[in-house]
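Structure first, then comments.
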Amino acid sequence: MKQGFRQCMAWLHTWAGLIPGWILFAVFLTGTASYYRGEISAWMRPDLRFEGSAPEATTLAVRELQRIAPDAVSWLIGVPTAADPLIRLYWRPKQERRFRDAILDPATGRVAERGESKGGEFFYRFHFELHLPPIWGRWIVGACAMAMLVAILSGVITHRRIFADFFTFRPGKAAGRSWLDAHNALAVLALPYHLVITYTGLITLMTMYMPWGVQLAYKGNQQAFLAEALAFTAPPRPAGQPAPLTDMAPLLATALERWPEAGVRRISVQWPGDANATIILSRGDGPELAIRRRELVFAGSSGELRDATGRDAPAVLTAGTALRLHFGRFEGPVLRGLFLLSGLAGTAMVGTGLVLWAAKRAPKGAARRGFGLRLVEALNMGTVFGLPLAMLGFFWANRLLPAALPLRAEWEIRVFFALWLLAYLHAALRPGRRGWAEQAGVAALLGLLLPVLNLLTTHHHLGVTLPAGDWLLAGMDLGLAGFGLAFALAALKLWRAPQRAAVPLGRMRAEGA
Amino acid sequence: MVRRAWRIMRGWRWPGVLSRILAAVVGGYALGALVAIACALLLPFARSEAVITGMMLSFAAYAGAVLWAFAARSAWRAWAGLLLPALLLAAASWVGRPA
């Protein structure tokens with residue numbers, strides 16, 4: 001029966017991995033990009049970087065919000081940090097359900113009008129919403145994450161020689177075998193990461209996926225639950241009396257005194273023009289492992305400290321640790337670099353798994369491929385190479401679209417999806433090695449030439465950023481060119497190597513998966 | 001190996017496989033939800049702590065249920081193995097619910 005059990009798990013691993021595989025690949029890759037979402041946003045709006053202090057940024061932000069949205073229901077200010085150096089403004093006008101957002105131009109003190117771009121936020125939102133209506137996107141990504149968890153567990157069970165295979169790589173062997181080795185190595189190499197990132201990903205949206213405890217214990221009152229879990233209090237209703245907002249600087253000083261290392265990351269103001277206005281300062285990330293949500297609540301008109309929220313109860317801290325591990329918001333470049341590498345390993349693990357599925361089923365010689373296999377092969381090529389190609393194209397769109405184009409941020413996204421769609425069409429029309437080589441070639445050109453494009457279109461190219469030691473922008477340029485180089489090597493290898501007659505894996509002694 | 005597994009699965013016949021998939025996806029979610037509820041109502045923690053603990057554990061229960069649904073010897077056993085703990089959790093949550 002033991003053998004049967006392992007085979008059932010192999011079957012489960014195959015299908016729980018394949019069916020959500022293309023979405024998982026996109027979730028993994030955009031999620032990996034999101035570790036650098038602040039840097040990506042800064043690269044896309046290089047003129048808007050703010051290098052002053054948090055109180056200076058706040059003063060500018062409040063002044064501008066007072067000008068453009070004095071009657072808003074609430075304001076939200078994203079205070080810039082070294083890794084995310086843009087001053088972000090969000091405000092919800094009366095009679096609107098959604099927040100509007102903009103980035104403040106520190107040079108003019110006004111909302112930036114030209115060069116609109118979603119920047120790294122696009123990849124970040126795509127990572128868990130797939131650019132669909134949020135409810136749909138989040139449930140689909142959640143279902144795929146659950147399948148990922150099952151695929152990881154069943155993969156480990158299937159994998160009998162987990163330690164030995166860690167050192168096994170047989171490149172250039174028959175189709176299927178090398179892919180299997182690569183898939184195993186990538187999976188085992190970063191197994192703790194894969195497991196943790198998948199589970200903590202489910203935890204980030206657990207109140208949506210598993211609301212039943214709140215339903216029964218709190219009669220469905222999510223606000224009451226959050227209030228109790230994090231010791232939050234609801235801000236008072238508006239008084240209907242206008243009143244000027246107090247000066248923020250002393251409030252920030254109070255907060256920075258309490259949180260000298262973590263600092264203030266977000267400032268929210270409820271009913272800014274009202275006598276009952278409330279100012280809430282949220283703590284940034286401290287040096288500790290867990291994200292600890294802390295808020296200082298001030299009366300908006302008097303500046304009096306009303307409340308200090310946040311709790312360090314065990315379950316809350318556990319969840320906070322899970323969130324921190326998922327977001328990877330750590331200070332040191334080495335640790336973030338390791339998260340990046342692990343994320344890429346996860347992406348490649350999903351990618352090699354998808355390719356392996358098709359390689360194992362590819363018929364020998366000129367035998368006809370069934371529709372299912374051709375569909376999987378096209379989806380594989382258009383996802384594994386097409387998505388990074390489209391993502392690099394997103395960076396190109398950012399530099400090439402005219403600054404004053406109406407709906408410019410929307411057009412960047414349209415370029416991204418158009419390129420991705422083209423990649424799928426190309427994959428359907430040019431199946432096989434040549435197709436892969438061509439897509440890799442295009443991705444290589446997009447990556448390698450990006451620093452050149454930057455030189456032609458901005459004043460923030462490597463010739464300026466490298467001598468100035470501006471590692472944020474230089475690192476982006478070099479990193480993206482590095483991806484281009486990797487694709488160039490892949491393209492060369494794919495172009496040169498002859499079409500080898502594939503040996504079906506069924507003929508070999510079955511090992512591993 | 002997968003191919004051999006595939007042959008075995010074909011031996012299960014499709015109704016059985018579909019039944020297992022249903023047990024895994026729907027039954028597994030139900031079991032996860034019941035774990036979340038039982039923790040929320042029964043754990044001797046502060047209410048919010050119990051709710052958070054339950055939410056965090058529910059996905060492990062869901063994953064375990066999915067593995068069970070495909071590891072069980074037959075589709076019937078798969079369902080039975082999910083229903084039994086589900087009933088126990090539901091009964092315990094009902095008996096131990098806060099007044």
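In the structure tokens, the first chain shown is A, the next is B, and so on; residue numbers restart at 1 for each chain, and ligands run from 1 in the order shown.
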message = Give me, as a ChimeraX atom specification, all polymer residues having an atom no more than 7 Å from Leu354 in chain A, counting only C-alpha atoms and skipping those fewer than 3 positions away in the same chain.
response = /A:18,21,350-351,357-358,380
Selected residues written out with C-alpha atoms, as an mmCIF file, in the first residue's frame:
data_model
loop_
_atom_site.group_PDB
_atom_site.id
_atom_site.type_symbol
_atom_site.label_atom_id
_atom_site.label_comp_id
_atom_site.auth_asym_id
_atom_site.auth_seq_id
_atom_site.Cartn_x
_atom_site.Cartn_y
_atom_site.Cartn_z
ATOM 1 C CA LEU A 18 -0.258 21.965 -13.400
ATOM 2 C CA GLY A 21 0.552 26.476 -12.498
ATOM 3 C CA VAL A 350 6.898 26.414 -10.976
ATOM 4 C CA GLY A 351 8.236 27.087 -14.469
ATOM 5 C CA TRP A 357 4.886 18.124 -17.519
ATOM 6 C CA ALA A 358 5.003 18.833 -21.252
ATOM 7 C CA ASN A 380 4.094 27.381 -20.852
#
Per-residue nearest contacts chain A to chain B, cut-off 7 Å, using only C-alpha atoms, as a tab-separated table:
residue	atom	partner	partner_atom	distance
A:Phe5	CA	B:Ala71	CA	5.8
A:Gln7	CA	B:Ala5	CA	5.0
A:Cys8	CA	B:Ala71	CA	6.1
A:Ala10	CA	B:Val2	CA	6.0
A:Trp11	CA	B:Val2	CA	6.1
A:Leu149	CA	B:Ala63	CA	6.8
A:Val150	CA	B:Ala63	CA	5.7
A:Ile203	CA	B:Met56	CA	6.3
A:Met206	CA	B:Met55	CA	6.3
A:Met210	CA	B:Met55	CA	6.1
A:Trp212	CA	B:Ile37	CA	6.0
A:Gly213	CA	B:Ile37	CA	4.6
A:Val214	CA	B:Val51	CA	6.5
A:Ala217	CA	B:Ala40	CA	6.4
A:Phe225	CA	B:Ser48	CA	6.3
A:Glu228	CA	B:Ser48	CA	6.2
A:Ala229	CA	B:Ser48	CA	5.0
A:Ala315	CA	B:Glu49	CA	5.4
A:Val316	CA	B:Glu49	CA	6.9
A:Gly506	CA	B:Arg3	CA	7.0
A:Ala510	CA	B:Met1	CA	5.3
A:Ala513	CA	B:Met1	CA	6.5
query = How far is it from CA of Tyr209 in chain A to CA of Leu153 in chain A, in Å with one decimal?
reply =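 Going from CA of Tyr209 in chain A over to CA of Leu153 in chain A, I get 20.4 Å.
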task = Write out as a VMD selection string all residues of chain B that DSSP puts in alpha helix (DSSP H) for this structure's backbone.
result = chain B and resid 2 to 12 14 to 22 28 to 42 47 to 71 75 to 95
request  = Quick one: everything within 8 Å of His127 in chain A, counting only C-alpha atoms, minus sequence neighbours fewer than 3 positions away in the same chain. Send it as number ranges by chain.
outcome  = A: 26-28, 30-31, 34, 123-124, 130
Using the selection just defined, write its residues with N, CA and C atoms as a PDB file, in the first residue's frame.
ATOM      1  N   ALA A  26       2.826  33.423 -12.435  1.00  0.00           N
ATOM      2  CA  ALA A  26       2.664  34.879 -12.472  1.00  0.00           C
ATOM      3  C   ALA A  26       2.631  35.459 -11.064  1.00  0.00           C
ATOM      4  N   VAL A  27       1.980  34.757 -10.135  1.00  0.00           N
ATOM      5  CA  VAL A  27       1.907  35.244  -8.758  1.00  0.00           C
ATOM      6  C   VAL A  27       3.311  35.263  -8.144  1.00  0.00           C
ATOM      7  N   PHE A  28       4.065  34.192  -8.387  1.00  0.00           N
ATOM      8  CA  PHE A  28       5.427  34.113  -7.861  1.00  0.00           C
ATOM      9  C   PHE A  28       6.310  35.220  -8.442  1.00  0.00           C
ATOM     10  N   THR A  30       5.521  38.144 -10.061  1.00  0.00           N
ATOM     11  CA  THR A  30       5.154  39.517  -9.690  1.00  0.00           C
ATOM     12  C   THR A  30       5.362  39.731  -8.191  1.00  0.00           C
ATOM     13  N   GLY A  31       5.175  38.663  -7.401  1.00  0.00           N
ATOM     14  CA  GLY A  31       5.433  38.780  -5.971  1.00  0.00           C
ATOM     15  C   GLY A  31       6.906  39.024  -5.699  1.00  0.00           C
ATOM     16  N   SER A  34       7.705  42.395  -6.304  1.00  0.00           N
ATOM     17  CA  SER A  34       7.150  43.282  -5.278  1.00  0.00           C
ATOM     18  C   SER A  34       8.091  43.491  -4.101  1.00  0.00           C
ATOM     19  N   PHE A 123       2.697  45.635 -10.116  1.00  0.00           N
ATOM     20  CA  PHE A 123       3.100  44.242  -9.890  1.00  0.00           C
ATOM     21  C   PHE A 123       2.587  43.755  -8.545  1.00  0.00           C
ATOM     22  N   TYR A 124       2.632  44.649  -7.546  1.00  0.00           N
ATOM     23  CA  TYR A 124       2.200  44.283  -6.207  1.00  0.00           C
ATOM     24  C   TYR A 124       0.719  43.898  -6.193  1.00  0.00           C
ATOM     25  N   LEU A 130      -4.446  39.884  -9.604  1.00  0.00           N
ATOM     26  CA  LEU A 130      -4.391  39.519 -11.025  1.00  0.00           C
ATOM     27  C   LEU A 130      -5.022  40.574 -11.928  1.00  0.00           C
TER      28      LEU A 130
END
request  = Give me every strand (DSSP E) residue in range 245-481 of chain A, going by DSSP on the backbone, as a list in words.
outcome  =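 Here is the list: Val264, Arg265, Arg266, Ile267, Ser268, Val269, Gln270, Thr278, Ile279, Ile280, Leu281, Ser282, Arg283, Glu295, Leu296, Val297, Phe298, Ala299, Leu305, Arg306, Asp307, Ala308 and Thr309 of chain A.
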Would you mind exporting C-alpha atoms of the selected residues as a tab-separated table (two decimals), in the first residue's frame?
chain	number	residue	atom	x	y	z
A	264	VAL	CA	6.18	56.62	11.08
A	265	ARG	CA	5.13	54.95	7.84
A	266	ARG	CA	1.58	56.14	7.37
A	267	ILE	CA	-0.46	59.08	8.50
A	268	SER	CA	-4.20	58.99	8.24
A	269	VAL	CA	-6.59	61.83	8.92
A	270	GLN	CA	-10.32	61.21	9.35
A	278	THR	CA	-8.69	62.41	14.06
A	279	ILE	CA	-5.02	62.03	13.17
A	280	ILE	CA	-3.59	58.53	13.28
A	281	LEU	CA	0.13	57.87	12.98
A	282	SER	CA	1.07	54.27	12.13
A	283	ARG	CA	4.38	52.78	13.10
A	295	GLU	CA	-0.97	53.55	16.15
A	296	LEU	CA	-0.96	56.84	17.94
A	297	VAL	CA	-4.34	58.54	17.77
A	298	PHE	CA	-4.51	62.32	18.18
A	299	ALA	CA	-7.41	64.74	18.25
A	305	LEU	CA	-2.93	62.28	22.31
A	306	ARG	CA	-6.09	60.21	22.69
A	307	ASP	CA	-4.98	56.64	22.36
A	308	ALA	CA	-2.05	54.33	21.70
A	309	THR	CA	-3.26	51.15	20.04
inquiry  = Taking only C-alpha atoms into account, name the residue in A:Leu252, A:Leu405, A:Leu12, A:Ala319 that is nearest to Val79 in chain A.
reply    =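 Of the candidates, the smallest distance to Val79 in chain A is held by A:Leu252.
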task = Name all residues at most 12 Å from Ala33 in chain A (count only C-alpha atoms; drop same-chain ones fewer than 4 positions away) and give them as a ChimeraX atom specification.
result = /A:26-29,37-41,119-127,327-328,336-337,339-344,347,388,391-392,476,479-480
Shortest interatomic distance to His159 in chain A - which of A:Arg98, A:His326, A:His13, A:Arg177, counting only C-alpha atoms = A:His13
